[in-house]
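Source file: query37.csv. Holds: CSV, C-alpha atoms and all ligand atoms.
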chain,number,residue,atom,x,y,z
H,1,MET,CA,61.5,171.3,38.4
H,2,GLU,CA,61.4,174.9,39.4
H,3,ILE,CA,61.2,175.8,43.1
H,4,LYS,CA,58.4,178.4,43.3
H,5,GLN,CA,57.9,178.2,47.0
H,6,ALA,CA,60.3,177.6,49.7
H,7,GLU,CA,59.3,178.2,53.3
H,8,PHE,CA,61.0,177.5,56.5
H,9,LEU,CA,58.8,175.2,58.6
H,10,THR,CA,60.6,174.3,61.8
H,11,SER,CA,63.8,173.4,63.6
H,12,SER,CA,64.0,170.2,65.6
H,13,ALA,CA,66.5,169.5,68.4
H,14,LYS,CA,65.3,165.8,68.5
H,15,PRO,CA,64.3,163.5,65.8
H,16,THR,CA,60.9,163.1,67.6
H,17,GLN,CA,60.2,166.8,67.1
H,18,CYS,CA,60.4,166.6,63.4
H,19,PRO,CA,57.1,167.3,61.5
H,20,ASN,CA,54.8,164.4,60.6
H,21,PRO,CA,56.3,162.4,57.7
H,22,ASP,CA,53.4,163.4,55.4
H,23,LYS,CA,55.5,164.5,52.4
H,24,PRO,CA,58.5,163.0,50.6
H,25,GLU,CA,61.7,164.3,52.1
H,26,TYR,CA,65.2,165.1,50.8
H,27,ALA,CA,68.0,165.8,53.3
H,28,PHE,CA,71.4,167.5,52.9
H,29,ILE,CA,74.4,166.7,55.0
H,30,GLY,CA,78.2,167.1,55.0
H,31,ARG,CA,81.1,168.3,56.9
H,32,SER,CA,80.9,171.8,58.3
H,33,ASN,CA,81.9,174.4,55.7
H,34,VAL,CA,81.4,172.1,52.8
H,35,GLY,CA,79.0,174.6,51.2
H,36,LYS,CA,75.7,173.1,52.3
H,37,SER,CA,73.8,176.3,53.0
H,38,SER,CA,75.1,177.8,49.7
H,39,LEU,CA,73.9,174.7,47.8
H,40,ILE,CA,70.4,174.8,49.5
H,41,ASN,CA,70.1,178.5,48.7
H,42,MET,CA,71.2,177.9,45.1
H,43,LEU,CA,68.6,175.1,44.7
H,44,CYS,CA,65.8,177.3,46.1
H,45,ASP,CA,66.9,180.5,44.4
H,46,ARG,CA,67.2,182.3,47.7
H,47,ASN,CA,70.0,184.3,49.2
H,48,SER,CA,69.5,183.3,52.8
H,49,LEU,CA,67.0,180.5,53.2
H,50,ALA,CA,69.6,178.4,54.8
H,51,LYS,CA,72.1,180.5,56.7
H,52,THR,CA,75.6,180.5,55.4
H,53,SER,CA,77.6,180.7,58.5
H,54,SER,CA,81.3,181.4,59.1
H,55,THR,CA,81.2,179.5,62.4
H,56,PRO,CA,81.5,175.9,61.4
H,57,GLY,CA,79.7,173.3,63.5
H,58,LYS,CA,77.2,175.8,64.9
H,59,THR,CA,74.0,174.4,63.4
H,60,GLN,CA,72.8,171.6,65.7
H,61,LEU,CA,69.3,171.5,64.6
H,62,ILE,CA,67.3,169.6,61.9
H,63,ASN,CA,65.8,172.3,59.8
H,64,HIS,CA,62.7,171.5,57.7
H,65,PHE,CA,61.6,173.6,54.7
H,66,VAL,CA,58.4,173.0,52.7
H,67,ILE,CA,59.1,173.2,48.9
H,68,ASN,CA,56.2,173.9,46.5
H,69,SER,CA,53.8,172.7,49.2
H,70,ASP,CA,54.9,169.3,47.9
H,71,TRP,CA,58.0,168.0,49.6
H,72,TYR,CA,60.4,168.7,52.5
H,73,LEU,CA,63.9,169.9,52.1
H,74,VAL,CA,66.0,169.2,55.3
H,75,ASP,CA,69.1,170.9,56.4
H,76,LEU,CA,71.0,168.5,58.7
H,77,PRO,CA,73.8,169.5,61.1
H,78,GLY,CA,77.3,169.1,59.8
H,79,TYR,CA,79.3,166.2,60.9
H,80,GLY,CA,83.0,165.5,61.6
H,81,TYR,CA,83.9,168.9,62.9
H,82,ALA,CA,87.0,168.5,65.0
H,83,LYS,CA,86.7,171.6,67.2
H,84,VAL,CA,83.6,170.8,69.1
H,85,SER,CA,83.6,169.0,72.5
H,86,LYS,CA,83.1,165.3,72.8
H,87,THR,CA,79.7,165.8,74.4
H,88,GLN,CA,78.6,168.1,71.6
H,89,ARG,CA,79.8,165.5,69.0
H,90,LYS,CA,77.8,162.8,70.8
H,91,THR,CA,74.7,165.0,70.8
H,92,PHE,CA,75.1,165.6,67.0
H,93,LYS,CA,75.6,162.0,66.4
H,94,LEU,CA,72.5,160.9,68.3
H,95,LEU,CA,70.4,163.5,66.6
H,96,ILE,CA,71.6,162.7,63.1
H,97,ASP,CA,71.7,158.9,63.5
H,98,GLY,CA,68.2,158.9,65.1
H,99,TYR,CA,66.9,161.0,62.2
H,100,LEU,CA,68.5,158.9,59.5
H,101,ARG,CA,67.6,155.5,60.8
H,102,HIS,CA,64.0,156.2,61.5
H,103,ARG,CA,62.7,158.9,59.1
H,104,SER,CA,60.2,156.9,57.1
H,105,ASN,CA,59.6,159.6,54.4
H,106,LEU,CA,63.3,160.2,53.6
H,107,MET,CA,63.6,159.5,49.9
H,108,CYS,CA,67.2,160.5,49.5
H,109,LEU,CA,70.1,161.9,51.5
H,110,PHE,CA,72.5,164.2,49.6
H,111,ILE,CA,76.0,163.8,51.1
H,112,LEU,CA,78.1,166.8,50.3
H,113,VAL,CA,81.8,166.6,49.7
H,114,ASP,CA,84.3,169.4,48.9
H,115,ILE,CA,85.6,168.5,45.4
H,116,ARG,CA,89.1,170.0,46.3
H,117,HIS,CA,89.9,167.4,48.9
H,118,LYS,CA,91.2,163.9,48.6
H,119,PRO,CA,88.7,161.2,49.8
H,120,GLN,CA,88.3,161.7,53.6
H,121,LYS,CA,87.9,158.9,56.0
H,122,VAL,CA,85.1,160.6,57.8
H,123,ASP,CA,83.0,160.9,54.6
H,124,ILE,CA,83.7,157.4,53.4
H,125,GLU,CA,82.9,155.9,56.7
H,126,PHE,CA,79.7,157.9,56.8
H,127,MET,CA,78.7,156.6,53.4
H,128,TYR,CA,79.4,153.0,54.5
H,129,GLN,CA,77.2,153.6,57.5
H,130,MET,CA,74.4,154.8,55.3
H,131,GLY,CA,74.8,151.7,53.1
H,132,GLU,CA,74.6,149.5,56.2
H,133,TRP,CA,71.5,151.2,57.4
H,134,GLY,CA,69.9,151.1,53.9
H,135,VAL,CA,69.6,154.9,53.7
H,136,PRO,CA,69.3,155.9,50.0
H,137,PHE,CA,72.0,158.5,49.2
H,138,VAL,CA,73.8,160.3,46.4
H,139,VAL,CA,77.0,162.3,46.6
H,140,VAL,CA,77.2,166.0,45.7
H,141,PHE,CA,80.7,167.5,45.0
H,142,THR,CA,80.7,171.1,46.0
H,143,LYS,CA,82.8,174.2,45.0
H,144,ALA,CA,83.6,172.8,41.5
H,145,ASP,CA,84.4,176.4,40.4
H,146,LYS,CA,87.5,176.3,42.6
H,147,LEU,CA,89.2,173.7,40.4
H,148,LYS,CA,90.1,173.5,36.7
H,149,PRO,CA,87.8,171.0,34.8
H,150,GLY,CA,90.6,168.5,34.5
H,151,GLU,CA,91.2,168.5,38.2
H,152,VAL,CA,87.5,168.1,38.9
H,153,GLU,CA,87.5,165.0,36.8
H,154,LYS,CA,90.6,163.6,38.4
H,155,ASN,CA,89.2,164.1,41.9
H,156,VAL,CA,85.9,162.6,41.1
H,157,THR,CA,87.6,159.5,39.6
H,158,GLU,CA,89.8,159.3,42.8
H,159,TYR,CA,86.7,159.3,44.9
H,160,LYS,CA,84.9,156.7,42.9
H,161,ASN,CA,88.0,154.5,43.1
H,162,ALA,CA,88.1,154.9,46.9
H,163,LEU,CA,84.5,153.8,47.1
H,164,LEU,CA,85.0,150.9,44.7
H,165,GLN,CA,87.6,149.4,47.0
H,166,ASP,CA,84.7,148.0,49.1
H,167,TRP,CA,81.6,148.5,47.0
H,168,GLU,CA,80.6,147.0,43.7
H,169,GLU,CA,78.0,149.7,42.9
H,170,LEU,CA,78.6,153.4,43.1
H,171,PRO,CA,76.0,156.0,44.2
H,172,ASP,CA,74.9,158.7,41.9
H,173,PHE,CA,77.3,161.7,41.8
H,174,PHE,CA,76.5,165.4,41.1
H,175,ILE,CA,79.0,168.2,40.6
H,176,SER,CA,78.0,171.6,41.8
H,177,SER,CA,79.1,175.1,42.3
H,178,ALA,CA,76.9,177.6,44.2
H,179,THR,CA,78.7,180.5,42.8
H,180,LYS,CA,78.3,179.3,39.2
H,181,ASN,CA,74.8,177.9,39.6
H,182,GLN,CA,76.2,174.5,38.5
H,183,GLY,CA,74.4,171.3,39.3
H,184,LYS,CA,71.1,172.9,40.2
H,185,ASP,CA,69.0,171.6,37.3
H,186,GLU,CA,70.5,168.1,37.6
H,187,ILE,CA,69.7,167.9,41.3
H,188,LEU,CA,66.2,169.3,41.0
H,189,SER,CA,65.5,166.9,38.1
H,190,PHE,CA,66.7,164.0,40.2
H,191,ILE,CA,64.3,165.0,43.0
H,192,GLU,CA,61.5,165.4,40.6
H,193,GLN,CA,62.1,162.0,39.1
H,194,VAL,CA,62.2,160.3,42.6
H,195,ASN,CA,59.0,162.1,43.6
H,196,GLN,CA,57.2,160.8,40.5
H,197,ASN,CA,58.2,157.2,41.2
H,201,LIG,P1,78.1,175.1,55.3
H,201,LIG,O1,78.8,175.4,56.6
H,201,LIG,O2,78.3,173.7,54.8
H,201,LIG,O3,76.7,175.5,55.2
H,201,LIG,O4,78.9,176.0,54.2
H,201,LIG,P2,78.5,177.5,53.6
H,201,LIG,O5,77.5,177.3,52.5
H,201,LIG,O6,78.3,178.4,54.7
H,201,LIG,O7,79.9,177.8,52.8
H,201,LIG,C1,81.1,177.8,53.4
H,201,LIG,C2,82.1,178.7,52.7
H,201,LIG,O8,82.3,178.2,51.4
H,201,LIG,C3,81.5,180.1,52.5
H,201,LIG,O9,82.5,181.1,52.6
H,201,LIG,C4,80.9,180.1,51.1
H,201,LIG,O10,80.9,181.3,50.5
H,201,LIG,C5,81.9,179.1,50.4
H,201,LIG,N1,81.2,178.4,49.3
H,201,LIG,C6,80.2,177.6,49.4
H,201,LIG,N2,79.8,177.1,48.2
H,201,LIG,C7,80.7,177.5,47.3
H,201,LIG,C8,80.9,177.3,45.9
H,201,LIG,O11,80.2,176.6,45.2
H,201,LIG,N3,82.0,178.0,45.4
H,201,LIG,C9,82.8,178.8,46.1
H,201,LIG,N4,83.9,179.3,45.4
H,201,LIG,N5,82.7,179.0,47.4
H,201,LIG,C10,81.6,178.4,48.0
Just give me the structure of the file as structure tokens.
Amino acid sequence: MEIKQAEFLTSSAKPTQCPNPDKPEYAFIGRSNVGKSSLINMLCDRNSLAKTSSTPGKTQLINHFVINSDWYLVDLPGYGYAKVSKTQRKTFKLLIDGYLRHRSNLMCLFILVDIRHKPQKVDIEFMYQMGEWGVPFVVVFTKADKLKPGEVEKNVTEYKNALLQDWEELPDFFISSATKNQGKDEILSFIEQVNQN
């Protein structure tokens, strides 16, 4: 699939403010600074559709974009950022949880993980929570260009092993690099396939 049209629709501070669930929806989430904005911009072939920000944890809104007049791409706020207040963290959590648990048109959640890091508790716990809630998700490893190919493979295996400690079935995984345009075709084909089913 090629993204011919990508338009910002709206920002929502509450799940109830989100647009009508009248198109299939694909949402992107991850820890702050994981490379979410860069990935979204890469997928949409835009330089600044999603803002790449040097201030982690700033985005506290659910941002909806309409893609090819056909589906919604959703930029969710980052989670697990240590340097925000407890109240802010609680507000994030309410917003994200409320959205994830009740968004009827959510076809798949893309959970972004920085390929350079060892499996992090906050990410693994988040994945388990999605499993419990029955939210369909896949994992996208970001910033693959920062590692040598052998290291990429090693870290992916380590991640899979961490998940297999408690799960029998693994989610789908994608490896991406926004600077090298890696993973774009695979992710867009995946979305196209889900949309067709
Ligand atoms: P966000 O906070 O998750 O939206 O992350 P950003 O997209 O703003 O990226 C955070 C930082 O990582 C920025 O300095 C980006 O330039 C950098 N970055 C993001 N993706 C990549 C990537 O694939 N490769 C490299 N080398 N840097 C990246």
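For H:Leu95, the set of protein, DNA and RNA residues having any atom at most 12 Å away, when counting all atoms listed in the file and skipping those fewer than 3 positions along the same chain, is H:Ser12, H:Ala13, H:Lys14, H:Pro15, H:Thr16, H:Gln17, H:Cys18, H:Thr59, H:Gln60, H:Leu61, H:Ile62, H:Leu76, H:Pro77, H:Gly78, H:Tyr79, H:Gln88, H:Arg89, H:Lys90, H:Thr91, H:Phe92, H:Gly98, H:Tyr99, H:Leu100, H:Arg101, H:His102, H:Arg103.
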Take every atom of ligand LIG 201 (chain H) listed in the file, fit an axis-aligned box around them, add 6 Å per side, and give the centre and edge lengths in Å to one decimal as lines of an AutoDock Vina configuration file.
center_x = 80.3
center_y = 177.5
center_z = 50.9
size_x = 19.2
size_y = 19.6
size_z = 23.4
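Minimum atom-to-atom distances from H:Asp185, H:Pro24, H:Phe174, H:Lys93 to H:Asn197 were compared using all atoms listed in the file, and the lowest value belongs to H:Pro24.
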* To do: State, in Å with one decimal place, the distance from atom CA of H:Asp166 to atom CA of H:Gln129.
  => 12.6 Å
* What residues have any atom no more than 6 Å from ligand LIG 201 (chain H) when counting all atoms listed in the file, and can you list them as number ranges by chain? -> H: 32-38, 52-53, 56, 142-143, 145-146, 177-179
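Closest approach to H:Met107 among H:Trp71, H:Asn155, H:Pro149, H:Pro19: H:Trp71, based on all atoms listed in the file.
The list of residues with at least one atom within 12 Å of H:Lys148, based on all atoms listed in the file and without residues fewer than 6 positions apart in the same chain, reads Ile115, Arg116, Lys154 and Asn155 of chain H.
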* Asked: Which value, in Å to one decimal, gives the distance between atom CA of H:Asp172 and atom CA of H:Ile3?
  -> 21.9 Å
* Distance query H:Gln5 at most 12 Å, only C-alpha atoms, self and fewer than 6 positions along chain excluded, as a PyMOL selection string -> chain H and resi 43-46+49+65-73
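Nearest-residue note for H:Lys184: choosing from H:Glu125, H:Thr157, H:Val140, H:Asn20, the minimum distance belongs to H:Val140, counting only C-alpha atoms.
If only C-alpha atoms are the atoms counted, then among H:Met42, H:Met130, H:Val122, H:Val84 the closest residue to H:Asp97 is H:Met130.
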